[in-house]
Every structure is written in C-alpha cells, then in structure tokens.
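Since the structure comes first, as structure tokens, the remarks are kept for the end.
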Amino acid sequence: MAFRGVALMAVASSLLLAGCAAPASVPAGPSVAEIDSVVQQQLDSQWDSYPGLEGAMKPQVDRVAFTSAETWASMQVSCLNERGIDAREVSGGYTVEGLDDPVAARVAMWVCLGEYPRDPRDAGYLSDPQILYMYDFYVSRLGPCMKLLGYAVSDPPAREDYVDRLRSGNYWSPYFAEGWEPQRIDVEKWERVDFECGRLPDDPYHQYHPLSWVEGR
C-alpha cells in the first residue's frame, strides 16, 4: 500500500510538472481579411441596433486606425468633435450633448466607430487554430492539473464543437470551476494555479485568464 501511495504521488507530481513545461508554438492569428470581416460584421450590427436609422443612408466608411481599450473613447470624441458634435469622455466611454439633429449625430457616431474601431484581437479574438490550441491545453494539461489541486473541473465539450461555442460566448474553461467574478478575483489562488499548472501565453490568450480582470495584470 505504501508503494502504491508513492506511485500515485509520483504521477500527480509528473502532471503538475508537465503543466509548467513550455508549450509548443502558438498557431498564427487571424488573417487581415478575417479581422476586416469581423470588424465589418460588428459595424453592420451596430447600425442595425441604432434607433431612428431605418430610413437613413448608410455611408461608406474607411477605417483610419484601430484603437485599444485605452484610446477608443478619446479617438471617438476627437472624431465626433471634428464633425461638429459636442462630445466628451465619461468613465472610459463618451457622451454627446446638444443634438440638433439626432439622426445625423447617430450616423456620425457610426462613422466614427467605423473609422476608429477596437481591434478585435485586443478583445480576445483568436483564429480557429489558436482556439483549438487553447482547448488542447485546457483538456490535456490545465484541467487535469487543477483537478489534482482539488478543483471541481467539469468535463470538456467535444473538440469539434469548441470553436463555435467560443465564438458564441458559451465556451468551456477549467478556470470556470471556481467561478470568475471580476470584482472577486483571488490573485493568490490563481497565481498558485499558474505556478503548479502553467498557463497559456498572454499573447494572444490574456483575455481568457482570470487575472486579466485585475488592474495592471
């Protein structure tokens, strides 16, 4: 019995150590054409969601530059101000005031969204191979390692379903075993999981890790 216990400890230790090993190279990210398509789909969806634009002419918009979470609001405000709209930054977003022509203002807001959109990759958009790379890491390394640490990791979905699930926002992750509330992130807990099990590279997987919600991480 003692020998069996030692053997089980050795197996557990090998899995934990395997989690700390450097993973193979991350697959290439989405192509320029794919990113352009995603941005256009988001822009079209935004037009459809704006009230009062049913009969308005949708203008042609050419992207000027991508923005980040830090620069998006300021670029939107600058773009709107250049079009004569009184806009100012408010808590990471912006507000507009004194709209003489609400429809024209909404069209201008849509144009500015198209000229200075957020880069989908900054928000966690991955290529299909990158998604499957994440799935394989979760299933073969992170999930088993977290189970050894005592976390109640649920069974993964089928690999062939994972891309569609992630695209729809209804995806599986071993990190979900302990919940993932942005206002209640236990930094020490997740740092221990990282130390014992390893983690995917921040580029491009930062948004899929619990510590991404912690300021400065």
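In the structure tokens, chains take the letters A, B, ... in the order shown, each chain's residues start at 1, and ligands count up from 1 in the order shown.
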Output as a list in words all residues of stretch 73-194 of chain A that backbone DSSP marks as strand (DSSP E or B). Asp86, Ala87, Arg88, Glu89, Val90, Gly93, Tyr94, Thr95, Val96, Glu97 and Arg118 of chain A
Taking only stretch 146-184 of chain A into account, list the residues labelled alpha helix (DSSP H) by DSSP (computed from the backbone), as a list of chain:residue names. A:Met146, A:Lys147, A:Leu148, A:Arg159, A:Glu160, A:Asp161, A:Tyr162, A:Val163, A:Asp164, A:Arg165, A:Leu166, A:Arg167
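Near A:Pro51, within 9 Å and counting only C-alpha atoms, sit Trp47, Val103 and Arg106 of chain A, not including residues fewer than 4 positions from it in the same chain.
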Write out as JSON, numbers by chain which residues come within 7 Å of A:Val111 when counting only C-alpha atoms, dropping same-chain ones fewer than 4 positions away. {"A": [61, 107, 115]}
Residues from the last selection, N, CA, C and O atoms, saved as a tab-separated table (two decimals), in the first residue's frame:
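Dumped everything to again_31.tsv:
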```tsv
chain	number	residue	atom	x	y	z
A	61	VAL	N	-17.63	53.76	-45.13
A	61	VAL	CA	-16.66	54.13	-44.10
A	61	VAL	C	-15.36	53.39	-44.34
A	61	VAL	O	-15.35	52.17	-44.55
A	107	VAL	N	-25.59	58.87	-37.13
A	107	VAL	CA	-24.81	58.49	-38.31
A	107	VAL	C	-23.34	58.84	-38.09
A	107	VAL	O	-22.44	58.05	-38.41
A	115	GLU	N	-14.36	54.32	-38.44
A	115	GLU	CA	-13.03	54.88	-38.70
A	115	GLU	C	-12.02	54.50	-37.62
A	115	GLU	O	-10.83	54.33	-37.90
```
Counting only C-alpha atoms, the residue of A:Arg165, A:Lys58, A:Arg88, A:Arg121 that sits nearest A:Glu34: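 The answer is A:Arg121, which sits nearest to A:Glu34.
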Got a sec: who's within 8 Å of stretch 125-138 of chain A, counting only C-alpha atoms, leaving out chain neighbours fewer than 3 positions off, as JSON, numbers by chain? {"A": [26, 27, 28, 29, 30, 31, 120, 121, 122, 141, 142, 143, 159, 162, 163, 166, 173, 174, 200, 204]}
For each of A:Trp72, A:Asp202, A:Gly114, A:Asp101, take the minimum atom-to-atom distance to A:Gly52, counting only C-alpha atoms, then give the residue where this is smallest. A:Asp101
For A:Ala177, please output as number ranges by chain all residues within 12 Å (counting only C-alpha atoms; exclusion window: fewer than 5 positions along the same chain). A: 142-143, 146-147, 149-156, 172, 190, 210
When you count only C-alpha atoms, which of these residues is closest to A:Asp36: A:Ser91, A:Glu70, A:Pro117, A:Cys112? A:Pro117
